[in-house]
Amino acid sequence: MTGIKLRSVYREDEAPRVLYRLLEERNEEINISHRAMPTWRAHLAFVRSKPYAAWYLLEQDKEFVGAIYLSKMDEIGIFVLRAHQGKGLGKKAIKALMKRHPRKRFLANINPRNTNSIGMFEGMGFCHIQNTYELVDGD
Ligand SMILES: CC(C)(COP(=O)(O)OP(=O)(O)OC[C@H]1O[C@@H](n2cnc3c(N)ncnc32)[C@H](O)[C@@H]1OP(=O)(O)O)[C@@H](O)C(=O)NCCC(=O)NCCS
């Protein structure tokens with residue numbers, strides 16, 4: 001097994017398809033911001049809008065196994081395909097991202113039910129600094 005490589009979403013033709021597959025794996029434990037699956041068209045428009053400061057696919061052994069981004073507000077978002085989780089890829093990818101894009105501080109917004117992600121970020125030295133509440137019209 002080789003190390004993890006960060007491949008720019010904007011240089012890989014396959015990126016929109018891989019990112020869509022990752023979205024399909026989300027569930028209520030993982031998901032904070034999007035509730036429903038976007039249409040393919042809406043997804044493409046979102047990718048093309050270059051919403052993040054940096055956005056990469058995670059490549060291992062010539063296979064795309066996940067994605068990671070750094071938002072314009074220094075928030076890290078990471079998704080590893082279920083079949084590849086628990087093998088240390090998440091941690092390696094975050095370290096690589098932070099090395100490539102140094103910041104004074106990094107943030108991670110995590111669903112409180114996402115114990116894997118909380119365990120990973122806390123294990124890397126991230127501290128819990130706030131709880132965010134929301135009220136959605138119609139809830
Ligand atoms: C969260 C996620 C990115 C972690 O990636 P991963 O490659 O599976 O995690 P790793 O194998 O690198 O594990 C990282 C660390 O987290 C720890 N960890 C994993 N599951 C844990 C749990 N349930 N409780 C505590 N720690 C846990 C591991 O012990 C590991 O630490 P170690 O290397 O010191 O043993 C991955 O599970 C994922 O993509 N989940 C779905 C999407 C998601 O939740 N994204 C995060 C949104 S903020």
# chains A, B, ... in the order shown; residues from 1 in each chain; ligands from 1
>>> residues_near_ligand(ligand="ligand 1", cutoff="10 Å", atoms="only C-alpha atoms and all ligand atoms", output="count of residues only")
52
>>> select_by_dssp(residues="region 8-135 of chain A", states="strand (DSSP E or B)", output="ChimeraX atom specification")
/A:8,54-60,63-70,75-80,107
>>> write_last_selection(atoms="C-alpha atoms", output="PDB file, in the first residue's frame")
ATOM      1  CA  SER A   8      -6.895  18.647  -7.470  1.00  0.00           C
ATOM      2  CA  ALA A  54      -8.708  23.964  -1.976  1.00  0.00           C
ATOM      3  CA  TRP A  55     -10.440  20.721  -2.982  1.00  0.00           C
ATOM      4  CA  TYR A  56      -8.779  17.382  -3.664  1.00  0.00           C
ATOM      5  CA  LEU A  57      -9.590  13.793  -4.420  1.00  0.00           C
ATOM      6  CA  LEU A  58      -7.671  11.294  -2.286  1.00  0.00           C
ATOM      7  CA  GLU A  59      -5.794   8.800  -4.408  1.00  0.00           C
ATOM      8  CA  GLN A  60      -4.269   5.592  -3.171  1.00  0.00           C
ATOM      9  CA  GLU A  63      -7.728   4.544  -7.017  1.00  0.00           C
ATOM     10  CA  PHE A  64      -9.823   7.462  -5.784  1.00  0.00           C
ATOM     11  CA  VAL A  65     -10.785   6.660  -2.206  1.00  0.00           C
ATOM     12  CA  GLY A  66     -12.189   9.952  -0.930  1.00  0.00           C
ATOM     13  CA  ALA A  67     -12.032  13.721  -0.986  1.00  0.00           C
ATOM     14  CA  ILE A  68     -10.892  16.568   1.230  1.00  0.00           C
ATOM     15  CA  TYR A  69     -11.408  20.315   1.118  1.00  0.00           C
ATOM     16  CA  LEU A  70     -10.323  23.437   2.931  1.00  0.00           C
ATOM     17  CA  GLU A  75     -12.654  24.557   7.778  1.00  0.00           C
ATOM     18  CA  ILE A  76     -11.560  21.051   6.818  1.00  0.00           C
ATOM     19  CA  GLY A  77     -14.082  18.648   5.298  1.00  0.00           C
ATOM     20  CA  ILE A  78     -13.092  15.044   4.657  1.00  0.00           C
ATOM     21  CA  PHE A  79     -14.865  12.011   3.220  1.00  0.00           C
ATOM     22  CA  VAL A  80     -13.370   8.566   2.783  1.00  0.00           C
ATOM     23  CA  LEU A 107     -11.544  24.240  12.027  1.00  0.00           C
TER      24      LEU A 107
END
>>> residues_around(residues="Trp40 (chain A)", least_positions_apart="6", cutoff="12 Å", atoms="only C-alpha atoms", output="list in words")
Pro16, Arg17, Val18, Leu19, Tyr20, Arg21, Leu23, Glu24, Phe46 and Val47 of chain A
>>> residues_around(residues="Ala53 (chain A)", least_positions_apart="3", cutoff="9 Å", atoms="only C-alpha atoms", output="list in words")
Lys50, Tyr69, Leu70, Ser71, Lys72, Met73 and Asp74 of chain A
>>> write_last_selection(atoms="C-alpha atoms", output="compact mmCIF listing (two decimals), in the first residue's frame")
# COMPACT_ATOMS: atom_id res chain seq x y z
CA LYS A 50 -15.14 26.54 -6.98
CA TYR A 69 -11.41 20.31 1.12
CA LEU A 70 -10.32 23.44 2.93
CA SER A 71 -13.04 26.08 3.00
CA LYS A 72 -12.41 29.78 2.60
CA MET A 73 -12.94 29.99 6.38
CA ASP A 74 -10.22 27.41 7.09
>>> decode(residues="region 63-98 of chain A", atoms="N, CA and C atoms", output="PDB file, in the first residue's frame")
ATOM      1  N   GLU A  63      -6.268   4.600  -7.170  1.00  0.00           N
ATOM      2  CA  GLU A  63      -7.728   4.544  -7.017  1.00  0.00           C
ATOM      3  C   GLU A  63      -8.174   5.752  -6.201  1.00  0.00           C
ATOM      4  N   PHE A  64      -9.301   6.353  -6.577  1.00  0.00           N
ATOM      5  CA  PHE A  64      -9.823   7.462  -5.784  1.00  0.00           C
ATOM      6  C   PHE A  64     -10.613   6.904  -4.605  1.00  0.00           C
ATOM      7  N   VAL A  65     -10.188   7.261  -3.404  1.00  0.00           N
ATOM      8  CA  VAL A  65     -10.785   6.660  -2.206  1.00  0.00           C
ATOM      9  C   VAL A  65     -11.513   7.687  -1.335  1.00  0.00           C
ATOM     10  N   GLY A  66     -11.509   8.957  -1.737  1.00  0.00           N
ATOM     11  CA  GLY A  66     -12.189   9.952  -0.930  1.00  0.00           C
ATOM     12  C   GLY A  66     -11.905  11.347  -1.433  1.00  0.00           C
ATOM     13  N   ALA A  67     -12.256  12.323  -0.608  1.00  0.00           N
ATOM     14  CA  ALA A  67     -12.032  13.721  -0.986  1.00  0.00           C
ATOM     15  C   ALA A  67     -11.815  14.550   0.277  1.00  0.00           C
ATOM     16  N   ILE A  68     -11.130  15.669   0.093  1.00  0.00           N
ATOM     17  CA  ILE A  68     -10.892  16.568   1.230  1.00  0.00           C
ATOM     18  C   ILE A  68     -10.916  18.001   0.710  1.00  0.00           C
ATOM     19  N   TYR A  69     -11.446  18.910   1.524  1.00  0.00           N
ATOM     20  CA  TYR A  69     -11.408  20.315   1.118  1.00  0.00           C
ATOM     21  C   TYR A  69     -11.000  21.189   2.286  1.00  0.00           C
ATOM     22  N   LEU A  70     -10.567  22.391   1.938  1.00  0.00           N
ATOM     23  CA  LEU A  70     -10.323  23.437   2.931  1.00  0.00           C
ATOM     24  C   LEU A  70     -11.205  24.600   2.509  1.00  0.00           C
ATOM     25  N   SER A  71     -12.123  25.005   3.382  1.00  0.00           N
ATOM     26  CA  SER A  71     -13.042  26.076   2.996  1.00  0.00           C
ATOM     27  C   SER A  71     -12.325  27.421   3.078  1.00  0.00           C
ATOM     28  N   LYS A  72     -13.005  28.441   2.557  1.00  0.00           N
ATOM     29  CA  LYS A  72     -12.405  29.776   2.596  1.00  0.00           C
ATOM     30  C   LYS A  72     -12.340  30.295   4.030  1.00  0.00           C
ATOM     31  N   MET A  73     -13.018  29.606   4.963  1.00  0.00           N
ATOM     32  CA  MET A  73     -12.941  29.990   6.382  1.00  0.00           C
ATOM     33  C   MET A  73     -12.087  29.000   7.169  1.00  0.00           C
ATOM     34  N   ASP A  74     -11.194  28.315   6.468  1.00  0.00           N
ATOM     35  CA  ASP A  74     -10.219  27.411   7.085  1.00  0.00           C
ATOM     36  C   ASP A  74     -10.846  26.175   7.756  1.00  0.00           C
ATOM     37  N   GLU A  75     -12.015  25.770   7.256  1.00  0.00           N
ATOM     38  CA  GLU A  75     -12.654  24.557   7.778  1.00  0.00           C
ATOM     39  C   GLU A  75     -12.259  23.372   6.895  1.00  0.00           C
ATOM     40  N   ILE A  76     -11.927  22.269   7.554  1.00  0.00           N
ATOM     41  CA  ILE A  76     -11.560  21.051   6.818  1.00  0.00           C
ATOM     42  C   ILE A  76     -12.791  20.154   6.697  1.00  0.00           C
ATOM     43  N   GLY A  77     -13.019  19.641   5.505  1.00  0.00           N
ATOM     44  CA  GLY A  77     -14.082  18.648   5.298  1.00  0.00           C
ATOM     45  C   GLY A  77     -13.444  17.432   4.669  1.00  0.00           C
ATOM     46  N   ILE A  78     -13.733  16.255   5.200  1.00  0.00           N
ATOM     47  CA  ILE A  78     -13.092  15.044   4.657  1.00  0.00           C
ATOM     48  C   ILE A  78     -14.088  13.899   4.544  1.00  0.00           C
ATOM     49  N   PHE A  79     -13.975  13.145   3.469  1.00  0.00           N
ATOM     50  CA  PHE A  79     -14.865  12.011   3.220  1.00  0.00           C
ATOM     51  C   PHE A  79     -14.043  10.880   2.634  1.00  0.00           C
ATOM     52  N   VAL A  80     -14.066   9.755   3.293  1.00  0.00           N
ATOM     53  CA  VAL A  80     -13.370   8.566   2.783  1.00  0.00           C
ATOM     54  C   VAL A  80     -14.462   7.543   2.431  1.00  0.00           C
ATOM     55  N   LEU A  81     -14.370   6.936   1.269  1.00  0.00           N
ATOM     56  CA  LEU A  81     -15.369   5.925   0.893  1.00  0.00           C
ATOM     57  C   LEU A  81     -15.411   4.842   1.968  1.00  0.00           C
ATOM     58  N   ARG A  82     -16.611   4.397   2.279  1.00  0.00           N
ATOM     59  CA  ARG A  82     -16.800   3.459   3.393  1.00  0.00           C
ATOM     60  C   ARG A  82     -15.842   2.268   3.309  1.00  0.00           C
ATOM     61  N   ALA A  83     -15.666   1.742   2.126  1.00  0.00           N
ATOM     62  CA  ALA A  83     -14.824   0.546   1.961  1.00  0.00           C
ATOM     63  C   ALA A  83     -13.366   0.807   2.340  1.00  0.00           C
ATOM     64  N   HIS A  84     -12.982   2.078   2.432  1.00  0.00           N
ATOM     65  CA  HIS A  84     -11.581   2.407   2.722  1.00  0.00           C
ATOM     66  C   HIS A  84     -11.410   3.079   4.085  1.00  0.00           C
ATOM     67  N   GLN A  85     -12.471   3.129   4.870  1.00  0.00           N
ATOM     68  CA  GLN A  85     -12.373   3.792   6.173  1.00  0.00           C
ATOM     69  C   GLN A  85     -11.640   2.919   7.193  1.00  0.00           C
ATOM     70  N   GLY A  86     -11.132   3.550   8.240  1.00  0.00           N
ATOM     71  CA  GLY A  86     -10.507   2.812   9.334  1.00  0.00           C
ATOM     72  C   GLY A  86      -9.122   2.276   9.012  1.00  0.00           C
ATOM     73  N   LYS A  87      -8.489   2.819   7.943  1.00  0.00           N
ATOM     74  CA  LYS A  87      -7.142   2.337   7.585  1.00  0.00           C
ATOM     75  C   LYS A  87      -6.116   3.458   7.724  1.00  0.00           C
ATOM     76  N   GLY A  88      -6.499   4.510   8.392  1.00  0.00           N
ATOM     77  CA  GLY A  88      -5.546   5.610   8.612  1.00  0.00           C
ATOM     78  C   GLY A  88      -5.501   6.645   7.494  1.00  0.00           C
ATOM     79  N   LEU A  89      -6.355   6.492   6.478  1.00  0.00           N
ATOM     80  CA  LEU A  89      -6.298   7.425   5.343  1.00  0.00           C
ATOM     81  C   LEU A  89      -6.762   8.823   5.733  1.00  0.00           C
ATOM     82  N   GLY A  90      -7.802   8.891   6.544  1.00  0.00           N
ATOM     83  CA  GLY A  90      -8.361  10.188   6.936  1.00  0.00           C
ATOM     84  C   GLY A  90      -7.295  11.060   7.589  1.00  0.00           C
ATOM     85  N   LYS A  91      -6.627  10.455   8.547  1.00  0.00           N
ATOM     86  CA  LYS A  91      -5.592  11.184   9.278  1.00  0.00           C
ATOM     87  C   LYS A  91      -4.458  11.635   8.351  1.00  0.00           C
ATOM     88  N   LYS A  92      -4.031  10.730   7.488  1.00  0.00           N
ATOM     89  CA  LYS A  92      -2.929  11.067   6.562  1.00  0.00           C
ATOM     90  C   LYS A  92      -3.336  12.198   5.630  1.00  0.00           C
ATOM     91  N   ALA A  93      -4.575  12.145   5.150  1.00  0.00           N
ATOM     92  CA  ALA A  93      -5.034  13.164   4.208  1.00  0.00           C
ATOM     93  C   ALA A  93      -5.104  14.531   4.894  1.00  0.00           C
ATOM     94  N   ILE A  94      -5.570  14.569   6.122  1.00  0.00           N
ATOM     95  CA  ILE A  94      -5.677  15.848   6.847  1.00  0.00           C
ATOM     96  C   ILE A  94      -4.279  16.431   7.080  1.00  0.00           C
ATOM     97  N   LYS A  95      -3.355  15.578   7.465  1.00  0.00           N
ATOM     98  CA  LYS A  95      -1.972  16.060   7.676  1.00  0.00           C
ATOM     99  C   LYS A  95      -1.406  16.627   6.381  1.00  0.00           C
ATOM    100  N   ALA A  96      -1.650  15.919   5.260  1.00  0.00           N
ATOM    101  CA  ALA A  96      -1.124  16.384   3.966  1.00  0.00           C
ATOM    102  C   ALA A  96      -1.754  17.717   3.579  1.00  0.00           C
ATOM    103  N   LEU A  97      -3.054  17.853   3.818  1.00  0.00           N
ATOM    104  CA  LEU A  97      -3.747  19.109   3.477  1.00  0.00           C
ATOM    105  C   LEU A  97      -3.186  20.275   4.302  1.00  0.00           C
ATOM    106  N   MET A  98      -3.005  20.028   5.604  1.00  0.00           N
ATOM    107  CA  MET A  98      -2.535  21.105   6.483  1.00  0.00           C
ATOM    108  C   MET A  98      -1.097  21.517   6.139  1.00  0.00           C
TER     109      MET A  98
END
